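Data first, discussion second: the structure below is written as C-alpha cells.
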Amino acid sequence: MSEPLSRSTRLWCLLAAGACALPLLLLIPGWLAAVLVATAALAAFAEKPWPASLRFLLTLMVGGLVLAAFEFRIGRDTSCAGLLAMLMLKPIETHGTRDARSLLGFSLFAPFAAFLQDQGPLTLSLSLPAAALSLMAWSMLVQGPGVPWLREARRAALAMAMALPMALAGFWLFPRLATPLWGLPENSVGRMGLGDRMTPSEWLDALVDDSPALRAHFIGKTPPREQMYWRGPVLMNFDGEAWTRDVGAGQAPTPTIRPSAPTIRYEVMLEPTERRDLLLLDLPLSTPPDARLNSELTAISEEPVNNLIRYSGESAPSAEFSEALAGWRRRAALALPPNHDPRTRALARQWRQETPDPLQLTGRFLQWLRRDFKYTISAPPVGFHATDDFLFGTRLGFCQHFSSAYAVFMRAAGVPTRVVTGYVGGHYNKLGDYWLLKHKDAHAWTEIWVDGRGWVRVDPTAAIAPENILDTLDDVQRRQRGGLAGAADQVLGPMFDGSDFLRRQWNQLVLGFNSARQKSLLRPVGIDEAEAWQLVTAFGIGSALALAMTLWLLLREHRDRSHPVLRAWRAFTRRLRRAGHAKGLDEPPLSFARRVAAEIPGQAADLLSVSERYSDWRYSGRKMPDQEQQQLIRSLRAFRLLDRSRK
Amino acid sequence: MAAARDAVERYGDRMAALALVRPKKPESLPVRITRNRIYILPTGFGLFLALMLTTMLIGGLNYNNNPALLLVFLFAGVAHNSLVHAHLILSGICLKAIHAQPVFAGEVLRLKLRFDAAGARERPGLQLLAADAHAQFELQADAQAEVTLDVITHRRGWLELGRMRLSTLRPLGLARSWSWLRPDTRLLVYPALDPSAPPLPQAPGDGDSRRTRAHGEQPHHLREYRPGDMPRQIAWKASARADRLLVREYESSVARDITLDWQLVAELGHEDKIRRLARWVVEAERSGSRYALVLPKQRIPAGRGAEHRHLCLRALALLPDV
C-alpha cells in the first residue's frame, strides 16, 4: 500500500488530470462530456474509496453511455472517448501516491488522443497548461504536502522552457516514418465538409462552418477570383433526390487533356478532412506524388488526409479533352431516374428542339434563372418532384438547387452533365499573400459535355442577378450574431487576417512537417534528399547542441554569488596555486602571503600589499569604502606572477 | 515513511558490490561527492512514464501527428533535464564529520552527520540511509546541515558504519540519484549491561565497608582542571577569580579502591563476564568509588570520573571475541 495523499496534493493531481482531459472533453458530444465531468467531480469529492460494486456499476454505466454516444460504432473517436471515461473515473480510486502517479501517467494520453482528432489552436493551447500542471503535480508528489503552488508553477514553466531546445531538436530531427507502421485510424463520425452525397433539399451544416478548409498560395500569376474553382468530388448519379459519386470512377483511366490557356501553378495547404479527396484548382493537370487523378479529374490521395498536408499543383483554366465521351460513360452522364420531374423533362426536350447547341441552350436556361430566380440560403422545402417544384414553384434556392436543377434539365435535354463540388472564391490575406477558403465557401457547380471540346464548366448559381440575391450566408450569420457584429467585422477583419496568418505559419512550420520535408531539411547544407544515416547524424548533432545548451542553462546556477572581493581573492589564490604556490586550507591570508613572498622576492611587496588589503577588508571589521574595494578587486585581478618557472 | 522499494533499492545494492562502483574502499572524512560517484536509475514512475512516452512517440510517428510529437519531445526534454538536475543536487555535497556519543550495545546510537555543500545551489529533498535508518534533510545554498540518524546497535566493539546512501528523488520523482558514502569512521559501542548483576564486590580482606556518598560535603582543596572532570566539580567562582579553571576536590570517605577483576566472574561465559563487569563499572562510577579494572593482559589502575569510566568501558568493549 502506498502512502496516502494529502488533500492538497490530491487536489493538484486531479487538477492536472482534468487539464489534460479538457482538450479531449471539448471534442466529444456535449452531453457525454457533461456526464463525464459530473462523474469526475463526484469522484474527486470522494474522500474515502467507494465500494467495488458501486465502482463496477458506474464503470459499466459510463461505458454504455460512451458506446451509445457513438452509436455503437467502434472507431478512433469511440476509443478516445472510452479512454477519457476511464480517466474521469480514475479519481474514485486515487487515494495514494501510487494511484496518483498512475492517474498522472495515463492522463498524458488524453492530449495525445485529442491531437489525433484535432490539431487546431484551441487543442494546442489547452495542452500547454495541461503539461505544466502535470509537471507541477509530479513535483508535488515527490515533495509531500505544503508546497507553495506558485513556486511550483514557476518551476514547471522554467522546466518547460529549458526543455524546449531538446524538444525542438527532437521534433525536427528525429527520423520520421515515411510510411505508417500500421493503418490509420478510421473515424467513426465523418467530419463536415464536402461529401460523397449532395441532397439539394437538405440543409448542410458545412454552410455555416467558419473554420478553414484550405489555404492556397499562387506561384506567379493569380487567376481572377471568379475563376478560382477548387475542384473536389464529382457527383455523377442522381436518384431524384440526391446526387452521389460514381464508384467506378477510380478504376477508369484518367482522360487526357490539353490546356488551352496558360497554366497556373499554386501551393495548397489542406486542413485535415479524414477523406481521400484532395482539392485542386479546376482543371488539374497533375497531382501531388502520392495521389492520382480519377476519370472525373478529382485528385484522390492514397491515404486519408488525417493531418494537415501541403502539396503543389498545376492547373489550366480551360482545356480540351482528347477522348470522346462514349458508351456507358455517356449513358451514365445522361441517366435520370424515371417517374421524376415530368415537367422539367418536357420543357428540356422542347427547348432542345428549339436550340440544339448545348452552349446556346445553357445560355437560354441561365437567362431564365437570371430573370425569374432568387438566391436565398433559406430555401423553402420541395416535394417528390424536387426539380419541378423548384423550377416551376418556389424558384428560391442556393447553389445545390441551381446546379442540381440545371444538371437535371440538361440531362433531360440529352446533354451529358455532371455536378462538381468544391470550394469557390475565398478571402485574400494580404499579410501572407494567400487565399483562405473556409468550409462555408463550399460550392456546387456543373459540367456539360460539348462534343469536340470536352467537359465545360457551367456555374448556374453565378447567373443569378445581384438584385435577386435575397440573403447570403454572411447575412444569416450577421443576423445570428446581432447588429453589432457587422460593425465589429470591419474592425476585426484585419485582426482576423493577422491571426489566420499566424495560424498558417504555424501550420507550415509545425503541422505540415513530415518525413518528406524532413528529408529536404538538409538542403541548406547541400544534401538534397537526406538518407536515413544522414538524418540520424543530424539528429545526433542537433540533440547534442540542444543538450549543450540545456546543460549550460542548468550549470549556470553554479555561478559564485559571493562577494566580488571574495571572488577576486579566490581567483587570485587559484592563479598562485597553478603556479605552484598552493594556499593551505587552514592558512591565513597574511601568513600565506608572507610564505609566498619569501619564494618570489621580486614581487614580494606587491603580493604583501594586496594580501594586507584583502585581510583588512575581510577581518578588520572596518567598513571599506566602495572605491577602495573596487581598487582591491582590480589589484587582485591584475596580479600575475612574472616568472612562472620559479617554484 | 516506509519508502517504497524502488529500482535503486532492488538493484543499487547489488550494483554496489560491482568492482566499478565507487567508492571502492572506506575513505576518510571529509568525503566530497563528485560527479564520478553519482549514480542514477529511474523509479517505477519514471519507467511508467517512459513507457507512456514511447507509446505516444510511436503513435505520433505513425500518424505523423506533429503536435503529439512536439508534446512527447517536450516531456522527454523535461524528463532528461530532471535527470541532470538530480545529478546536480548531489554533486558537490561534502560529508564533513560524523560524531556519536558511545552507547551500550542494544541501545540506539544517535549518529550526527555534518554536511555542507559548495556552490549556490539549493539541494532539496536529500535522503540519507544507513543500515535501516532514514533521515530527510535539505541543504540551502552555501549552508551546512546536521543530520541525525538513529542507528540501533547490536554488539559491543567498533561499529563500522558501512555503506550509507545519500539520495534524492527530486525534482520530479522520475529517477533516484544516489551516491554511496563509506566513511572509515569507527564508532564505539560499549558492551551491554548485565541486567541482573549482584551488588558491587567489596574490597577484599577488609571488614570496614563504610561507604559514603559520592562526594563529601567538605571541600578539601582546589586543583587545576583536567580533561574528564565533571562540570559540576568546577569551582566557577574560584575559577573566575583565578582566570583559569579550577576543580574542587572533595574529601572522599571511601577508604579503599574497588578492584573489578576478570577473575571475580570466572564462573560466567565470556560475554557474560564482559556484561557483568561493564555493569559494575557503571555502578562503581555512580557510587563515587575509585575502581580499577583487571582484564586478561590488561590492567587499568584505579581511578574515577567520566574519562576513567570511558577507558574501562572501552577496554571491555574492545575485548576480543572468544
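Labeling convention for the C-alpha cells: chains A, B, ... as they appear, residues from 1 per chain, ligands from 1 in order of appearance.
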
- prompt: Could you write out, as a ChimeraX atom specification, all the residues of region 11-151 of chain B that DSSP marks as strand (DSSP E)?
  reply: /B:31-32,39-42,93-100,103-104,108-117,123-130,133-139,144-151

Test item: residues at most 7 Å from Phe45 (chain B), only C-alpha atoms, excluding those fewer than 2 positions along its chain, as a VMD selection string: (chain A and resid 101) or (chain B and resid 43 47 to 49 174)

Residues from last step as file, C-alpha atoms, as a short mmCIF file (atom, residue, chain, number, x, y, z; two decimals), in the first residue's frame:
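File produced: result.cif:
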data_model
loop_
_atom_site.label_atom_id
_atom_site.label_comp_id
_atom_site.auth_asym_id
_atom_site.auth_seq_id
_atom_site.Cartn_x
_atom_site.Cartn_y
_atom_site.Cartn_z
CA ARG A 101 1.13 8.62 -10.30
CA THR B 43 11.90 4.94 -10.36
CA LEU B 47 9.72 3.77 -16.12
CA PHE B 48 5.97 4.03 -16.41
CA LEU B 49 6.22 7.49 -17.93
CA LEU B 174 11.25 10.20 -12.22
#

- request: Show me which bits of chain B are within 6 Å of chain A, counting only C-alpha atoms, as JSON, numbers by chain.
  value: {"B": [49, 62, 66, 68, 70, 73, 74, 77, 78, 119, 172, 173]}

Restricting the output to N, CA and C atoms, write the selected residues as a PDB file, in the first residue's frame.
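Contents of result.pdb, freshly written:
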ATOM      1  N   LEU B  49       6.328   6.342 -17.027  1.00  0.00           N
ATOM      2  CA  LEU B  49       6.217   7.489 -17.928  1.00  0.00           C
ATOM      3  C   LEU B  49       6.993   7.255 -19.213  1.00  0.00           C
ATOM      4  N   ASN B  62       3.751   7.278 -36.299  1.00  0.00           N
ATOM      5  CA  ASN B  62       2.954   6.510 -37.246  1.00  0.00           C
ATOM      6  C   ASN B  62       1.931   7.401 -37.944  1.00  0.00           C
ATOM      7  N   ASN B  66       2.031  15.881 -35.624  1.00  0.00           N
ATOM      8  CA  ASN B  66       3.084  16.775 -35.148  1.00  0.00           C
ATOM      9  C   ASN B  66       2.869  17.352 -33.758  1.00  0.00           C
ATOM     10  N   ALA B  68       1.340  16.037 -31.287  1.00  0.00           N
ATOM     11  CA  ALA B  68       1.590  14.958 -30.330  1.00  0.00           C
ATOM     12  C   ALA B  68       3.090  14.732 -30.187  1.00  0.00           C
ATOM     13  N   LEU B  70       5.439  16.873 -30.718  1.00  0.00           N
ATOM     14  CA  LEU B  70       6.007  18.019 -30.008  1.00  0.00           C
ATOM     15  C   LEU B  70       5.828  17.841 -28.500  1.00  0.00           C
ATOM     16  N   PHE B  73       8.192  15.119 -27.234  1.00  0.00           N
ATOM     17  CA  PHE B  73       9.578  15.567 -27.137  1.00  0.00           C
ATOM     18  C   PHE B  73       9.752  16.591 -26.021  1.00  0.00           C
ATOM     19  N   LEU B  74       8.713  17.375 -25.792  1.00  0.00           N
ATOM     20  CA  LEU B  74       8.783  18.335 -24.689  1.00  0.00           C
ATOM     21  C   LEU B  74       8.913  17.593 -23.359  1.00  0.00           C
ATOM     22  N   GLY B  77      12.268  16.032 -23.051  1.00  0.00           N
ATOM     23  CA  GLY B  77      13.265  17.037 -22.693  1.00  0.00           C
ATOM     24  C   GLY B  77      13.206  17.362 -21.211  1.00  0.00           C
ATOM     25  N   VAL B  78      11.989  17.543 -20.713  1.00  0.00           N
ATOM     26  CA  VAL B  78      11.824  17.844 -19.285  1.00  0.00           C
ATOM     27  C   VAL B  78      12.377  16.693 -18.450  1.00  0.00           C
ATOM     28  N   GLY B 119      28.911  25.887  -3.630  1.00  0.00           N
ATOM     29  CA  GLY B 119      28.100  26.464  -4.691  1.00  0.00           C
ATOM     30  C   GLY B 119      26.786  27.004  -4.189  1.00  0.00           C
ATOM     31  N   LEU B 172      11.495  15.661 -10.016  1.00  0.00           N
ATOM     32  CA  LEU B 172      10.170  15.247 -10.466  1.00  0.00           C
ATOM     33  C   LEU B 172       9.805  13.834 -10.024  1.00  0.00           C
ATOM     34  N   GLY B 173      10.698  13.162  -9.341  1.00  0.00           N
ATOM     35  CA  GLY B 173      10.375  11.817  -8.911  1.00  0.00           C
ATOM     36  C   GLY B 173      10.471  10.788 -10.022  1.00  0.00           C
TER      37      GLY B 173
END

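Closest approach to Phe398 (chain A) from the set A:His95, A:Lys48, A:Arg418, A:Lys374 is made by A:Lys374, with distances taken over only C-alpha atoms.
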
query: Any idea what the distance is between CA of Val322 (chain B) and CA of His270 (chain B)?
result: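 Interatomic distance here is 6.9 Å.
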
- request: Could you give me the residues within region 26-201 of chain A that DSSP places in helix (DSSP H, G or I), as an NGL selection string?
  value: :A and (30-45 or 52-69 or 76-93 or 97-107 or 109-117 or 121-143 or 149-173)

Writing out the chosen residues with C-alpha atoms as a short mmCIF file (atom, residue, chain, number, x, y, z; two decimals), in the first residue's frame:
data_model
loop_
_atom_site.label_atom_id
_atom_site.label_comp_id
_atom_site.auth_asym_id
_atom_site.auth_seq_id
_atom_site.Cartn_x
_atom_site.Cartn_y
_atom_site.Cartn_z
CA GLY A 30 -21.56 17.84 -25.22
CA TRP A 31 -23.95 15.77 -23.14
CA LEU A 32 -21.42 12.97 -22.77
CA ALA A 33 -18.80 15.48 -21.69
CA ALA A 34 -21.24 16.85 -19.10
CA VAL A 35 -21.93 13.38 -17.72
CA LEU A 36 -18.21 12.59 -17.53
CA VAL A 37 -17.40 15.87 -15.81
CA ALA A 38 -20.19 15.27 -13.28
CA THR A 39 -18.86 11.77 -12.59
CA ALA A 40 -15.32 13.04 -12.20
CA ALA A 41 -16.46 15.80 -9.85
CA LEU A 42 -18.31 13.25 -7.72
CA ALA A 43 -15.26 11.04 -7.70
CA ALA A 44 -12.99 13.93 -6.81
CA PHE A 45 -15.01 14.71 -3.72
CA ALA A 52 -16.10 -2.09 -5.51
CA SER A 53 -19.65 -2.95 -6.61
CA LEU A 54 -20.53 0.72 -6.98
CA ARG A 55 -17.40 1.41 -8.97
CA PHE A 56 -18.09 -1.54 -11.21
CA LEU A 57 -21.65 -0.39 -11.81
CA LEU A 58 -20.51 3.13 -12.58
CA THR A 59 -17.88 1.89 -15.00
CA LEU A 60 -20.46 -0.21 -16.83
CA MET A 61 -22.85 2.69 -16.98
CA VAL A 62 -20.34 5.19 -18.29
CA GLY A 63 -19.02 2.64 -20.78
CA GLY A 64 -22.53 2.09 -22.07
CA LEU A 65 -23.09 5.82 -22.41
CA VAL A 66 -19.88 6.22 -24.41
CA LEU A 67 -20.90 3.45 -26.79
CA ALA A 68 -24.35 4.95 -27.13
CA ALA A 69 -22.91 8.38 -27.86
CA ARG A 76 -10.95 6.01 -33.14
CA ASP A 77 -13.30 8.54 -31.59
CA THR A 78 -15.11 5.89 -29.58
CA SER A 79 -11.82 4.59 -28.22
CA CYS A 80 -10.72 8.10 -27.35
CA ALA A 81 -13.97 8.75 -25.51
CA GLY A 82 -13.62 5.40 -23.76
CA LEU A 83 -10.14 6.34 -22.62
CA LEU A 84 -11.43 9.66 -21.43
CA ALA A 85 -14.23 7.97 -19.50
CA MET A 86 -11.72 5.70 -17.76
CA LEU A 87 -9.59 8.69 -16.93
CA MET A 88 -12.56 10.54 -15.49
CA LEU A 89 -13.47 7.53 -13.33
CA LYS A 90 -9.94 7.10 -12.05
CA PRO A 91 -10.20 9.76 -9.28
CA ILE A 92 -12.56 7.39 -7.42
CA GLU A 93 -9.63 5.17 -6.60
CA THR A 97 0.69 8.39 -4.22
CA ARG A 98 0.85 5.30 -6.38
CA ASP A 99 -2.69 5.84 -7.68
CA ALA A 100 -1.93 9.50 -8.24
CA ARG A 101 1.13 8.62 -10.30
CA SER A 102 -0.76 6.19 -12.46
CA LEU A 103 -3.52 8.77 -12.91
CA LEU A 104 -0.99 11.38 -13.98
CA GLY A 105 0.76 8.99 -16.34
CA PHE A 106 -2.43 7.87 -18.03
CA SER A 107 -3.73 11.38 -18.29
CA PHE A 109 -2.71 10.08 -23.21
CA ALA A 110 -5.64 12.47 -23.19
CA PRO A 111 -3.98 15.38 -25.03
CA PHE A 112 -2.39 12.84 -27.34
CA ALA A 113 -5.79 11.40 -28.20
CA ALA A 114 -7.14 14.92 -28.65
CA PHE A 115 -4.38 15.65 -31.15
CA LEU A 116 -5.37 12.61 -33.17
CA GLN A 117 -8.75 14.22 -33.68
CA PRO A 121 -5.16 26.18 -31.96
CA LEU A 122 -7.61 25.53 -29.12
CA THR A 123 -6.45 21.97 -28.51
CA LEU A 124 -2.86 23.09 -28.76
CA SER A 125 -3.18 25.99 -26.40
CA LEU A 126 -5.07 23.86 -23.88
CA SER A 127 -2.42 21.18 -23.87
CA LEU A 128 0.33 23.53 -22.74
CA PRO A 129 -1.17 24.38 -19.34
CA ALA A 130 -2.06 20.70 -19.04
CA ALA A 131 1.61 19.82 -19.45
CA ALA A 132 2.67 22.47 -16.95
CA LEU A 133 0.11 21.29 -14.40
CA SER A 134 1.27 17.71 -14.87
CA LEU A 135 4.84 18.72 -14.11
CA MET A 136 3.66 20.61 -11.04
CA ALA A 137 1.76 17.58 -9.83
CA TRP A 138 4.77 15.30 -10.38
CA SER A 139 6.93 17.62 -8.36
CA MET A 140 4.35 17.98 -5.59
CA LEU A 141 4.00 14.23 -5.32
CA VAL A 142 7.66 13.84 -4.54
CA GLN A 143 7.70 16.71 -2.05
CA TRP A 149 1.94 26.20 -5.72
CA LEU A 150 3.16 29.45 -7.20
CA ARG A 151 6.77 28.39 -6.85
CA GLU A 152 5.93 25.05 -8.40
CA ALA A 153 4.19 26.78 -11.30
CA ARG A 154 7.25 28.89 -11.90
CA ARG A 155 9.48 25.83 -11.81
CA ALA A 156 7.24 23.95 -14.21
CA ALA A 157 7.29 26.85 -16.65
CA LEU A 158 11.06 27.07 -16.34
CA ALA A 159 11.44 23.33 -16.82
CA MET A 160 9.36 23.50 -20.00
CA ALA A 161 11.31 26.46 -21.30
CA MET A 162 14.58 24.63 -20.65
CA ALA A 163 13.29 21.51 -22.36
CA LEU A 164 12.43 23.49 -25.46
CA PRO A 165 15.77 23.19 -27.29
CA MET A 166 15.76 19.43 -26.82
CA ALA A 167 12.12 19.22 -27.79
CA LEU A 168 12.68 21.17 -30.99
CA ALA A 169 15.76 19.18 -31.91
CA GLY A 170 13.77 16.01 -31.43
CA PHE A 171 10.81 17.36 -33.30
CA TRP A 172 12.66 18.43 -36.41
CA LEU A 173 15.44 15.92 -36.50
#

field: Selection near Gly92 (chain B), 8 Å with only C-alpha atoms, sequence-local residues under 3 positions removed, as a list in words
entry: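 My list of contacting residues is Arg32, Ile33, Thr34, Leu88, Ala117, Ala118 and Gly119 of chain B.
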
- prompt: Within 10 Å of region 224-230 of chain B, counting only C-alpha atoms, which residues qualify if same-chain residues fewer than 6 places away don't, as JSON, numbers by chain?
  reply: {"B": [239, 244, 245, 246, 247, 248, 249, 304, 305, 306, 307, 308, 309, 310]}

field: Surrounding residues of Phe137 (chain B) excluding itself and chain neighbours under 2 positions, 9 Å, only C-alpha atoms, as a list in words
entry: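 The filter keeps Pro124, Gly125, Leu126, Gln127, Leu128, Ala135, Leu139, Ala145, Glu146 and Val147 of chain B.
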
Any chance you can output those residues with N, CA and C atoms as a PDB file, in the first residue's frame?
ATOM      1  N   PRO B 124      17.388  20.351  -2.282  1.00  0.00           N
ATOM      2  CA  PRO B 124      16.238  19.919  -1.500  1.00  0.00           C
ATOM      3  C   PRO B 124      16.085  18.398  -1.550  1.00  0.00           C
ATOM      4  N   GLY B 125      15.287  17.897  -0.633  1.00  0.00           N
ATOM      5  CA  GLY B 125      14.837  16.515  -0.694  1.00  0.00           C
ATOM      6  C   GLY B 125      15.943  15.483  -0.612  1.00  0.00           C
ATOM      7  N   LEU B 126      16.950  15.707   0.227  1.00  0.00           N
ATOM      8  CA  LEU B 126      18.014  14.708   0.352  1.00  0.00           C
ATOM      9  C   LEU B 126      17.587  13.647   1.348  1.00  0.00           C
ATOM     10  N   GLN B 127      17.910  12.422   1.049  1.00  0.00           N
ATOM     11  CA  GLN B 127      17.595  11.322   1.954  1.00  0.00           C
ATOM     12  C   GLN B 127      18.879  10.576   2.268  1.00  0.00           C
ATOM     13  N   LEU B 128      19.046  10.326   3.543  1.00  0.00           N
ATOM     14  CA  LEU B 128      20.231   9.577   3.965  1.00  0.00           C
ATOM     15  C   LEU B 128      19.767   8.250   4.519  1.00  0.00           C
ATOM     16  N   ALA B 135      16.843   9.345   7.093  1.00  0.00           N
ATOM     17  CA  ALA B 135      16.717  10.739   7.513  1.00  0.00           C
ATOM     18  C   ALA B 135      16.510  11.589   6.278  1.00  0.00           C
ATOM     19  N   LEU B 139      19.738  21.031   1.997  1.00  0.00           N
ATOM     20  CA  LEU B 139      20.872  21.922   2.161  1.00  0.00           C
ATOM     21  C   LEU B 139      20.569  23.204   1.411  1.00  0.00           C
ATOM     22  N   ALA B 145      24.326  21.492   7.201  1.00  0.00           N
ATOM     23  CA  ALA B 145      23.186  20.832   7.812  1.00  0.00           C
ATOM     24  C   ALA B 145      23.713  19.707   8.677  1.00  0.00           C
ATOM     25  N   GLU B 146      23.101  19.547   9.834  1.00  0.00           N
ATOM     26  CA  GLU B 146      23.464  18.411  10.672  1.00  0.00           C
ATOM     27  C   GLU B 146      22.314  17.419  10.641  1.00  0.00           C
ATOM     28  N   VAL B 147      22.631  16.215  10.285  1.00  0.00           N
ATOM     29  CA  VAL B 147      21.606  15.195  10.139  1.00  0.00           C
ATOM     30  C   VAL B 147      21.767  14.193  11.273  1.00  0.00           C
TER      31      VAL B 147
END

query: In Å to one decimal, how far is CA of Val420 (chain A) from CA of Arg231 (chain A)?
result: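 Answer for the CA of Arg231 (chain A) to CA of Val420 (chain A) separation: 7.0 Å.
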
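Counting only C-alpha atoms, Ile98 (chain B) has the following residues at most 10 Å away, ignoring those fewer than 3 positions along the same chain: Leu29, Pro30, Leu95, Leu111, Lys112, Leu113, Arg114, Phe115, Glu146, Val147, Thr148, Pro183, Thr185, Arg186 and Leu187 of chain B.
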
How would the residues just picked look written out with C-alpha atoms as an mmCIF file, in the first residue's frame?
data_model
loop_
_atom_site.group_PDB
_atom_site.id
_atom_site.type_symbol
_atom_site.label_atom_id
_atom_site.label_comp_id
_atom_site.auth_asym_id
_atom_site.auth_seq_id
_atom_site.Cartn_x
_atom_site.Cartn_y
_atom_site.Cartn_z
ATOM 1 C CA LEU B 29 36.445 12.364 6.074
ATOM 2 C CA PRO B 30 35.703 14.820 4.603
ATOM 3 C CA LEU B 95 30.245 14.963 4.384
ATOM 4 C CA LEU B 111 24.613 9.472 14.814
ATOM 5 C CA LYS B 112 25.251 13.093 13.905
ATOM 6 C CA LEU B 113 26.490 13.790 10.398
ATOM 7 C CA ARG B 114 27.529 17.209 9.268
ATOM 8 C CA PHE B 115 27.088 18.002 5.600
ATOM 9 C CA GLU B 146 23.464 18.411 10.672
ATOM 10 C CA VAL B 147 21.606 15.195 10.139
ATOM 11 C CA THR B 148 20.715 12.867 12.945
ATOM 12 C CA PRO B 183 33.397 6.837 5.777
ATOM 13 C CA THR B 185 34.897 6.440 10.905
ATOM 14 C CA ARG B 186 34.552 3.851 13.641
ATOM 15 C CA LEU B 187 32.092 4.392 16.426
#

field: Neighbour list for region 283-295 of chain A as an NGL selection string, cut-off 7 Å, only C-alpha atoms, skip fewer than 5 positions in-chain
entry: :A and (249-250 or 252-255 or 300-302 or 311-318)

Please produce a file of those selected residues containing N, CA and C atoms, as a PDB file, in the first residue's frame.
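Result file is part-v5.pdb:
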ATOM      1  N   ALA A 249     -15.429   5.427 -60.836  1.00  0.00           N
ATOM      2  CA  ALA A 249     -14.568   6.477 -61.386  1.00  0.00           C
ATOM      3  C   ALA A 249     -13.095   6.242 -61.073  1.00  0.00           C
ATOM      4  N   GLY A 250     -12.834   5.570 -59.943  1.00  0.00           N
ATOM      5  CA  GLY A 250     -11.455   5.360 -59.541  1.00  0.00           C
ATOM      6  C   GLY A 250     -10.727   4.402 -60.466  1.00  0.00           C
ATOM      7  N   ALA A 252     -11.496   3.736 -63.740  1.00  0.00           N
ATOM      8  CA  ALA A 252     -11.412   4.152 -65.152  1.00  0.00           C
ATOM      9  C   ALA A 252     -10.171   5.014 -65.381  1.00  0.00           C
ATOM     10  N   PRO A 253      -9.651   5.010 -66.616  1.00  0.00           N
ATOM     11  CA  PRO A 253      -8.439   5.772 -66.884  1.00  0.00           C
ATOM     12  C   PRO A 253      -8.684   7.287 -66.829  1.00  0.00           C
ATOM     13  N   THR A 254      -7.597   7.990 -66.528  1.00  0.00           N
ATOM     14  CA  THR A 254      -7.675   9.440 -66.476  1.00  0.00           C
ATOM     15  C   THR A 254      -7.744   9.987 -67.907  1.00  0.00           C
ATOM     16  N   PRO A 255      -8.671  10.886 -68.183  1.00  0.00           N
ATOM     17  CA  PRO A 255      -8.733  11.447 -69.534  1.00  0.00           C
ATOM     18  C   PRO A 255      -7.514  12.320 -69.812  1.00  0.00           C
ATOM     19  N   ILE A 300      -7.339  11.911 -56.008  1.00  0.00           N
ATOM     20  CA  ILE A 300      -7.575  11.006 -54.896  1.00  0.00           C
ATOM     21  C   ILE A 300      -6.231  10.645 -54.287  1.00  0.00           C
ATOM     22  N   SER A 301      -6.133  10.849 -52.985  1.00  0.00           N
ATOM     23  CA  SER A 301      -4.879  10.557 -52.303  1.00  0.00           C
ATOM     24  C   SER A 301      -4.853   9.088 -51.890  1.00  0.00           C
ATOM     25  N   GLU A 302      -3.646   8.575 -51.661  1.00  0.00           N
ATOM     26  CA  GLU A 302      -3.539   7.171 -51.264  1.00  0.00           C
ATOM     27  C   GLU A 302      -4.015   6.952 -49.837  1.00  0.00           C
ATOM     28  N   TYR A 311       0.693  20.504 -50.594  1.00  0.00           N
ATOM     29  CA  TYR A 311       1.071  19.987 -51.903  1.00  0.00           C
ATOM     30  C   TYR A 311       1.012  21.122 -52.903  1.00  0.00           C
ATOM     31  N   SER A 312       1.667  20.930 -54.030  1.00  0.00           N
ATOM     32  CA  SER A 312       1.594  21.949 -55.064  1.00  0.00           C
ATOM     33  C   SER A 312       0.916  21.330 -56.280  1.00  0.00           C
ATOM     34  N   GLY A 313       0.377  22.171 -57.092  1.00  0.00           N
ATOM     35  CA  GLY A 313      -0.353  21.667 -58.250  1.00  0.00           C
ATOM     36  C   GLY A 313      -0.244  22.622 -59.425  1.00  0.00           C
ATOM     37  N   GLU A 314      -0.688  22.112 -60.558  1.00  0.00           N
ATOM     38  CA  GLU A 314      -0.686  22.923 -61.780  1.00  0.00           C
ATOM     39  C   GLU A 314      -2.034  22.701 -62.456  1.00  0.00           C
ATOM     40  N   SER A 315      -2.642  23.785 -62.895  1.00  0.00           N
ATOM     41  CA  SER A 315      -3.972  23.663 -63.483  1.00  0.00           C
ATOM     42  C   SER A 315      -4.093  24.579 -64.690  1.00  0.00           C
ATOM     43  N   ALA A 316      -5.079  24.280 -65.498  1.00  0.00           N
ATOM     44  CA  ALA A 316      -5.374  25.119 -66.660  1.00  0.00           C
ATOM     45  C   ALA A 316      -6.789  25.659 -66.504  1.00  0.00           C
ATOM     46  N   PRO A 317      -6.998  26.941 -66.731  1.00  0.00           N
ATOM     47  CA  PRO A 317      -8.350  27.493 -66.609  1.00  0.00           C
ATOM     48  C   PRO A 317      -9.309  26.817 -67.583  1.00  0.00           C
ATOM     49  N   SER A 318      -8.821  26.477 -68.757  1.00  0.00           N
ATOM     50  CA  SER A 318      -9.677  25.746 -69.682  1.00  0.00           C
ATOM     51  C   SER A 318      -8.808  24.767 -70.461  1.00  0.00           C
TER      52      SER A 318
END

field: Separation of CA of Glu160 (chain B) from CA of Leu260 (chain B) in Å
entry: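 CA of Glu160 (chain B) lies 29.1 Å from CA of Leu260 (chain B).
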